[in-house]
>>> print(open('structure.cif').read())   # mmCIF, C-alpha atoms
data_protein
loop_
_atom_site.label_atom_id
_atom_site.label_comp_id
_atom_site.auth_asym_id
_atom_site.auth_seq_id
_atom_site.Cartn_x
_atom_site.Cartn_y
_atom_site.Cartn_z
CA MET A 6 19.06 -15.71 -16.90
CA THR A 7 18.40 -14.73 -13.29
CA LEU A 8 20.55 -11.94 -11.88
CA ARG A 9 21.33 -12.35 -8.20
CA ALA A 10 22.48 -9.56 -5.92
CA ILE A 11 25.92 -9.78 -4.33
CA THR A 12 25.58 -9.38 -0.58
CA TYR A 13 27.94 -8.91 2.34
CA GLY A 14 26.79 -9.24 5.90
CA GLY A 15 23.20 -9.41 4.71
CA GLY A 16 23.41 -6.08 2.86
CA ILE A 17 23.73 -5.06 -0.78
CA TYR A 18 26.44 -2.51 -1.50
CA GLY A 19 27.29 -0.24 -4.38
CA VAL A 20 27.75 3.39 -5.42
CA PRO A 21 24.51 4.66 -7.00
CA PHE A 22 24.92 7.16 -9.83
CA ALA A 23 21.36 8.50 -9.87
CA THR A 24 17.98 8.15 -8.24
CA GLU A 25 14.68 8.04 -10.07
CA THR A 26 11.52 9.67 -8.75
CA LEU A 27 8.10 8.80 -10.14
CA LEU A 28 6.01 11.90 -10.69
CA VAL A 29 3.60 13.72 -13.00
CA PHE A 30 4.72 16.08 -15.77
CA TYR A 31 2.21 18.70 -16.84
CA ASN A 32 1.99 21.30 -19.58
CA ARG A 33 1.94 24.72 -17.91
CA ASP A 34 0.55 26.47 -20.98
CA ILE A 35 -2.45 24.13 -21.14
CA TYR A 36 -3.07 24.59 -17.43
CA GLN A 37 -2.91 28.37 -17.78
CA LYS A 38 -5.17 28.40 -20.84
CA LEU A 39 -7.83 26.34 -19.04
CA GLY A 40 -7.46 28.10 -15.68
CA LEU A 41 -6.28 25.00 -13.83
CA ASP A 42 -4.22 24.73 -10.66
CA VAL A 43 -1.78 22.00 -9.71
CA PRO A 44 -4.05 19.43 -8.03
CA ALA A 45 -4.04 19.16 -4.26
CA SER A 46 -6.03 15.91 -4.23
CA TRP A 47 -6.82 12.88 -6.37
CA GLU A 48 -10.33 14.22 -6.97
CA GLN A 49 -8.94 17.54 -8.20
CA PHE A 50 -6.51 15.76 -10.52
CA LEU A 51 -9.38 13.79 -12.08
CA ALA A 52 -11.42 17.01 -12.33
CA ASN A 53 -8.52 18.70 -14.14
CA CYS A 54 -8.36 15.77 -16.55
CA GLU A 55 -12.09 16.10 -17.23
CA VAL A 56 -11.75 19.82 -18.04
CA ILE A 57 -8.83 19.05 -20.35
CA ARG A 58 -10.71 16.23 -22.09
CA ARG A 59 -13.73 18.44 -22.72
CA ALA A 60 -11.41 21.02 -24.26
CA GLY A 61 -10.45 18.45 -26.90
CA ILE A 62 -6.97 17.76 -25.46
CA THR A 63 -5.71 14.35 -24.34
CA PRO A 64 -5.38 14.59 -20.54
CA ILE A 65 -2.79 11.81 -20.02
CA SER A 66 -0.44 10.66 -22.78
CA ASN A 67 0.45 7.26 -21.28
CA GLY A 68 -0.59 4.03 -22.95
CA GLY A 69 -0.58 0.33 -22.22
CA ALA A 70 1.37 -1.31 -25.05
CA ASP A 71 4.56 -1.44 -22.97
CA ALA A 72 3.57 -3.23 -19.77
CA TRP A 73 6.40 -1.74 -17.70
CA THR A 74 4.94 1.74 -18.12
CA LEU A 75 1.77 0.60 -16.35
CA GLU A 76 3.90 -0.41 -13.37
CA ILE A 77 5.31 3.14 -13.45
CA MET A 78 1.77 4.54 -13.33
CA MET A 79 0.91 2.23 -10.45
CA GLY A 80 4.11 3.17 -8.62
CA THR A 81 3.31 6.85 -9.10
CA PHE A 82 -0.27 7.00 -7.84
CA SER A 83 -0.99 3.90 -5.77
CA PRO A 84 1.28 4.43 -2.71
CA ASN A 85 -0.89 7.36 -1.64
CA PHE A 86 -3.86 4.99 -1.57
CA TYR A 87 -2.43 1.77 -0.08
CA GLY A 88 -0.47 3.38 2.74
CA ALA A 89 3.00 4.00 1.29
CA ASN A 90 5.76 3.03 3.74
CA HIS A 91 3.42 1.49 6.31
CA PHE A 92 2.14 -1.02 3.78
CA PHE A 93 5.62 -1.57 2.29
CA ARG A 94 7.04 -2.52 5.70
CA ARG A 95 4.16 -4.87 6.44
CA VAL A 96 4.16 -6.64 3.08
CA THR A 97 7.94 -7.12 3.00
CA LYS A 98 7.84 -8.56 6.53
CA GLY A 99 5.07 -10.97 5.57
CA GLU A 100 2.53 -9.33 7.90
CA THR A 101 0.15 -8.90 4.96
CA ASP A 102 0.13 -9.68 1.26
CA PHE A 103 -1.05 -8.15 -2.01
CA THR A 104 -4.62 -9.33 -1.53
CA ASP A 105 -4.85 -6.81 1.31
CA PRO A 106 -8.01 -4.72 0.73
CA ALA A 107 -5.96 -1.50 0.90
CA PHE A 108 -3.76 -2.62 -1.98
CA THR A 109 -6.68 -3.95 -4.02
CA ALA A 110 -8.56 -0.67 -3.60
CA ALA A 111 -5.46 1.30 -4.59
CA ILE A 112 -5.14 -0.71 -7.79
CA GLY A 113 -8.82 -0.19 -8.52
CA ARG A 114 -8.43 3.58 -8.45
CA LEU A 115 -6.14 3.37 -11.48
CA ASN A 116 -9.21 2.54 -13.56
CA TYR A 117 -10.30 6.17 -13.17
CA LEU A 118 -7.36 7.11 -15.41
CA ARG A 119 -8.51 5.05 -18.38
CA PRO A 120 -11.06 7.57 -19.78
CA HIS A 121 -8.35 10.23 -19.77
CA MET A 122 -5.73 8.28 -21.69
CA PRO A 123 -5.40 8.43 -25.50
CA ASP A 124 -7.91 6.77 -27.80
CA ARG A 125 -7.01 3.08 -28.19
CA PHE A 126 -4.41 3.58 -25.47
CA MET A 127 -3.56 -0.12 -25.26
CA GLY A 128 -1.78 0.35 -28.59
CA ILE A 129 0.23 3.34 -27.33
CA GLY A 130 3.84 2.53 -26.42
CA HIS A 131 6.29 4.47 -24.30
CA ASN A 132 7.85 6.39 -27.18
CA ASP A 133 4.39 7.33 -28.48
CA ALA A 134 3.40 8.60 -25.06
CA LEU A 135 6.55 10.71 -24.80
CA SER A 136 5.85 12.16 -28.24
CA LEU A 137 2.27 13.10 -27.38
CA PHE A 138 3.51 15.07 -24.41
CA TYR A 139 6.52 16.87 -25.90
CA ASN A 140 4.52 17.70 -29.03
CA GLU A 141 2.00 19.38 -26.70
CA THR A 142 -1.01 17.30 -27.71
CA ALA A 143 -1.39 15.89 -24.19
CA ALA A 144 -1.50 17.72 -20.87
CA HIS A 145 0.15 15.15 -18.58
CA PHE A 146 2.75 12.42 -18.71
CA VAL A 147 3.21 10.04 -15.79
CA GLY A 148 6.81 8.95 -15.63
CA ARG A 149 10.31 9.16 -14.25
CA SER A 150 12.20 12.28 -13.24
CA SER A 151 15.01 11.51 -15.71
CA GLU A 152 12.63 12.03 -18.63
CA ALA A 153 12.72 15.80 -18.07
CA ARG A 154 16.00 15.98 -19.99
CA PHE A 155 14.52 14.09 -22.93
CA PHE A 156 11.51 16.41 -23.14
CA LYS A 157 13.75 19.46 -23.27
CA SER A 158 15.99 17.88 -25.90
CA GLN A 159 13.00 17.15 -28.14
CA ASN A 160 11.17 20.43 -27.63
CA PRO A 161 13.26 23.20 -26.01
CA SER A 162 10.25 25.52 -25.92
CA LEU A 163 8.08 23.04 -24.03
CA ASN A 164 6.81 24.82 -20.92
CA PHE A 165 6.36 21.93 -18.50
CA GLY A 166 6.29 21.54 -14.77
CA ILE A 167 6.19 18.59 -12.38
CA PHE A 168 4.15 17.68 -9.36
CA ALA A 169 4.07 14.83 -6.88
CA PRO A 170 1.11 12.48 -7.26
CA PRO A 171 -1.73 13.99 -5.25
CA ALA A 172 -2.92 12.55 -1.96
CA LEU A 173 -6.36 10.99 -1.80
CA THR A 174 -7.75 14.07 -0.03
CA ALA A 175 -6.58 17.68 0.08
CA GLY A 176 -4.20 18.25 2.97
CA GLY A 177 -3.16 14.60 3.14
CA GLN A 178 0.49 13.61 2.93
CA ASN A 179 1.52 12.51 -0.53
CA TYR A 180 4.49 10.31 -1.34
CA VAL A 181 6.70 9.76 -4.36
CA SER A 182 8.16 6.37 -5.23
CA ILE A 183 11.92 6.38 -5.65
CA TYR A 184 14.56 3.86 -6.63
CA THR A 185 18.25 3.76 -7.39
CA TYR A 186 18.88 3.96 -11.11
CA GLY A 187 22.09 2.06 -11.60
CA VAL A 188 24.86 1.14 -9.17
CA PHE A 189 28.62 0.83 -9.60
CA GLY A 190 30.34 -1.95 -7.69
CA MET A 191 33.59 -3.86 -7.45
CA ASN A 192 33.97 -7.49 -8.44
CA SER A 193 35.38 -9.45 -5.52
CA ALA A 194 37.54 -11.40 -7.98
CA SER A 195 39.01 -8.27 -9.58
CA ALA A 196 42.76 -8.22 -10.13
CA ASN A 197 42.76 -4.44 -9.81
CA LYS A 198 40.98 -3.77 -6.53
CA GLU A 199 43.04 -0.69 -5.66
CA ALA A 200 42.31 1.02 -9.00
CA ALA A 201 38.67 0.00 -8.80
CA ALA A 202 38.40 1.44 -5.29
CA ARG A 203 39.87 4.76 -6.47
CA PHE A 204 37.37 4.88 -9.32
CA LEU A 205 34.46 4.11 -6.99
CA ASN A 206 35.70 6.83 -4.65
CA PHE A 207 35.64 9.28 -7.57
CA LEU A 208 32.10 8.24 -8.52
CA ALA A 209 30.99 8.87 -4.94
CA GLY A 210 32.45 12.40 -5.00
CA LYS A 211 31.07 15.83 -5.81
CA THR A 212 32.67 16.07 -9.27
CA ALA A 213 30.79 13.02 -10.52
CA GLY A 214 27.62 14.17 -8.76
CA GLU A 215 27.77 17.60 -10.41
CA PHE A 216 28.35 15.95 -13.80
CA PHE A 217 25.27 13.78 -13.53
CA MET A 218 23.09 16.71 -12.58
CA ASP A 219 24.43 19.12 -15.20
CA THR A 220 24.87 16.73 -18.12
CA LEU A 221 22.17 14.13 -17.55
CA LYS A 222 19.76 16.35 -15.59
CA GLN A 223 19.29 13.59 -13.04
CA VAL A 224 19.25 13.67 -9.28
CA SER A 225 22.59 12.56 -7.89
CA PRO A 226 22.68 10.72 -4.55
CA VAL A 227 26.11 12.20 -3.79
CA PRO A 228 25.84 14.27 -0.59
CA GLY A 229 26.88 17.91 -0.58
CA VAL A 230 26.28 18.76 -4.25
CA ASP A 231 24.81 22.18 -4.95
CA VAL A 232 21.20 22.24 -6.14
CA LEU A 233 20.34 25.90 -5.55
CA HIS A 234 20.93 26.90 -9.18
CA ARG A 235 19.20 23.76 -10.48
CA PRO A 236 15.53 24.45 -9.71
CA LEU A 237 14.10 21.30 -11.29
CA ILE A 238 16.57 19.08 -9.41
CA ALA A 239 15.85 21.01 -6.21
CA GLN A 240 12.12 20.45 -6.64
CA ILE A 241 12.61 16.72 -7.16
CA ILE A 242 14.82 16.48 -4.08
CA SER A 243 12.19 18.35 -2.10
CA MET A 244 9.60 15.78 -3.21
CA GLN A 245 11.90 12.99 -2.01
CA GLU A 246 11.52 14.21 1.57
CA HIS A 247 8.32 12.15 1.59
CA SER A 248 9.25 9.07 -0.37
CA THR A 249 8.51 5.37 -0.48
CA PRO A 250 10.28 2.52 -2.28
CA PHE A 251 9.07 1.60 -5.76
CA ILE A 252 7.38 -1.43 -4.29
CA PHE A 253 7.95 -4.38 -6.63
CA LEU A 254 11.36 -3.28 -7.86
CA ALA A 255 12.63 -2.59 -4.34
CA GLY A 256 11.00 -5.41 -2.44
CA PHE A 257 10.19 -8.29 -4.78
CA SER A 258 12.82 -8.44 -7.52
CA TYR A 259 15.20 -11.10 -6.16
CA GLY A 260 13.48 -14.19 -7.49
CA GLU A 261 11.56 -15.52 -10.48
CA PRO A 262 9.00 -14.48 -11.46
CA THR A 263 9.80 -11.00 -10.23
CA GLY A 264 7.14 -8.85 -8.64
CA SER A 265 7.50 -6.38 -11.46
CA ARG A 266 6.89 -9.01 -14.12
CA LEU A 267 3.78 -10.21 -12.32
CA ALA A 268 2.43 -6.71 -11.72
CA GLN A 269 3.04 -5.60 -15.28
CA ALA A 270 1.17 -8.56 -16.78
CA ALA A 271 -1.74 -8.20 -14.36
CA LEU A 272 -2.01 -4.44 -14.81
CA GLN A 273 -1.98 -4.82 -18.57
CA GLY A 274 -4.92 -7.20 -18.19
CA MET A 275 -6.81 -4.70 -16.04
CA PHE A 276 -6.19 -1.70 -18.31
CA ALA A 277 -7.36 -3.84 -21.24
CA GLY A 278 -10.58 -4.51 -19.34
CA GLN A 279 -9.90 -8.23 -18.86
CA LEU A 280 -9.22 -8.25 -15.10
CA ASN A 281 -10.62 -6.40 -12.11
CA SER A 282 -8.48 -5.09 -9.25
CA ALA A 283 -9.15 -8.11 -7.03
CA GLN A 284 -7.98 -10.41 -9.82
CA VAL A 285 -4.85 -8.26 -10.27
CA SER A 286 -4.05 -8.58 -6.56
CA GLN A 287 -4.70 -12.33 -6.58
CA GLN A 288 -2.61 -12.90 -9.70
CA ILE A 289 0.34 -11.02 -8.22
CA GLN A 290 0.14 -12.83 -4.89
CA GLU A 291 -0.22 -16.27 -6.44
CA GLY A 292 2.78 -15.61 -8.67
CA LEU A 293 4.92 -14.49 -5.75
CA ALA A 294 4.00 -17.67 -3.89
CA THR A 295 5.70 -19.65 -6.67
CA GLN A 296 8.78 -17.42 -6.71
CA LYS A 297 12.12 -19.23 -6.83
CA LYS A 298 14.92 -17.45 -4.99
#
>>> encode(input="structure.cif", output="structure tokens")
Amino acid sequence: MTLRAITYGGGIYGVPFATETLLVFYNRDIYQKLGLDVPASWEQFLANCEVIRRAGITPISNGGADAWTLEIMMGTFSPNFYGANHFFRRVTKGETDFTDPAFTAAIGRLNYLRPHMPDRFMGIGHNDALSLFYNETAAHFVGRSSEARFFKSQNPSLNFGIFAPPALTAGGQNYVSIYTYGVFGMNSASANKEAAARFLNFLAGKTAGEFFMDTLKQVSPVPGVDVLHRPLIAQIISMQEHSTPFIFLAGFSYGEPTGSRLAQAALQGMFAGQLNSAQVSQQIQEGLATQKK
């Protein structure tokens, strides 16, 4: 079944209850033990992974069994390589496409992560990857900001931190991909519009925003909520000052096949060693050309 967005005046409306930020979790104790600093560049991140690997620790816990997690990895690292918002604006306006050399090169850089992922990583699913990180057998996990709460629930003593995916070169501007994680809306055919409007008004208020941050440990999009005594949330919000849309989910999800479905299948082929980055780009673009709105 294809889900179609409800629009009014060309826009899509709803009350978001949380935003997701794609970022890198790291084990502070491992970093301290090995004398590592939070990476300021892609090269330094790869160098950190090499030091960790030589110490007999898995550098990155992510695997490839669940294709959607590879899209998360792409959405985390690749915007800093393909041009973030500049490329997003151009590709959504049709001024370029996904065979653009900048995008192809960005996808190709993901191959540098493969030696630092678990042995036989194509058999590692999302739950396995989470377990490797919260059991402290891996130094990094590439994922969503909401997963911080899960890590703490599974291992309260886990000493982890987060950082935004590093820019290609030290001193360069780095971006995080963000997207709205769930939206509340009103059915235009509802028989209880007044009650629904009151409920939506509540969800858009500070009480609901505080609840989501305190109970679910997620970033609330409600304006005016206090983050000063929530350091992790404050850090995530600070990262969002330089953000870009999660490209396929935000820009290419309103038809079949979706951009996400195409990217996930192609990335799984690349991580398995069956496709190169140019073939990934071509496969995505050819699939989008057949998309039915």
>>> residues_around(input="structure.cif", residues="segment 162-168 of chain A", least_positions_apart="5", cutoff="9 Å", atoms="all atoms listed in the file", output="ChimeraX atom specification")
/A:28-34,43-44,139-141,150,153,156-157,237,240-241,244
>>> residues_near_point(input="structure.cif", point="(1.4, 8.2, -13.3)", cutoff="6 Å", atoms="only C-alpha atoms", output="ChimeraX atom specification")
/A:29,78,81-82,147-148
>>> resolve_selection(input="structure.cif", expression="the PyMOL selection byres ((chain A and resi 280-290) around 9)", output="MDAnalysis selection string")
chainID A and resid 102:106 108:114 116 264 267:268 270:279 291:295
>>> residues_near_point(input="structure.cif", point="(10.7, 8.0, -3.3)", cutoff="6 Å", atoms="all atoms listed in the file", output="PDB file with C-alpha atoms, in the frame of the given file")
ATOM      1  CA  THR A  26      11.520   9.670  -8.750  1.00  0.00           C
ATOM      2  CA  VAL A 181       6.700   9.760  -4.360  1.00  0.00           C
ATOM      3  CA  SER A 182       8.160   6.370  -5.230  1.00  0.00           C
ATOM      4  CA  ILE A 183      11.920   6.380  -5.650  1.00  0.00           C
ATOM      5  CA  GLN A 245      11.900  12.990  -2.010  1.00  0.00           C
ATOM      6  CA  SER A 248       9.250   9.070  -0.370  1.00  0.00           C
ATOM      7  CA  THR A 249       8.510   5.370  -0.480  1.00  0.00           C
ATOM      8  CA  PRO A 250      10.280   2.520  -2.280  1.00  0.00           C
TER       9      PRO A 250
END
>>> atom_distance(input="structure.cif", atom1="atom CA of Gln223 of chain A", atom2="atom CA of Glu152 of chain A")
8.8 Å
>>> residues_around(input="structure.cif", residues="Pro226 of chain A", least_positions_apart="2", cutoff="8 Å", atoms="all atoms listed in the file", output="list in words")
Pro21, Phe22, Ala23, Thr24, Gly214, Val224 and Pro228 of chain A
>>> resolve_selection(input="structure.cif", expression="the PyMOL selection byres ((chain A and resi 189) around 8)", output="MDAnalysis selection string")
chainID A and resid 19:22 187:188 190:191 205
>>> residues_around(input="structure.cif", residues="segment 120-125 of chain A", least_positions_apart="4", cutoff="7 Å", atoms="all atoms listed in the file", output="JSON, numbers by chain")
{"A": [54, 58, 63, 64, 65, 66, 67, 68]}
>>> closest_residue(input="structure.cif", among="A:Ala213, A:Leu75, A:Ala70, A:Ala60", to="Asn132 of chain A", atoms="only C-alpha atoms")
A:Ala70
>>> closest_residue(input="structure.cif", among="A:Ala209, A:Ile238, A:Ala255, A:Leu51", to="Tyr117 of chain A", atoms="all atoms listed in the file")
A:Leu51
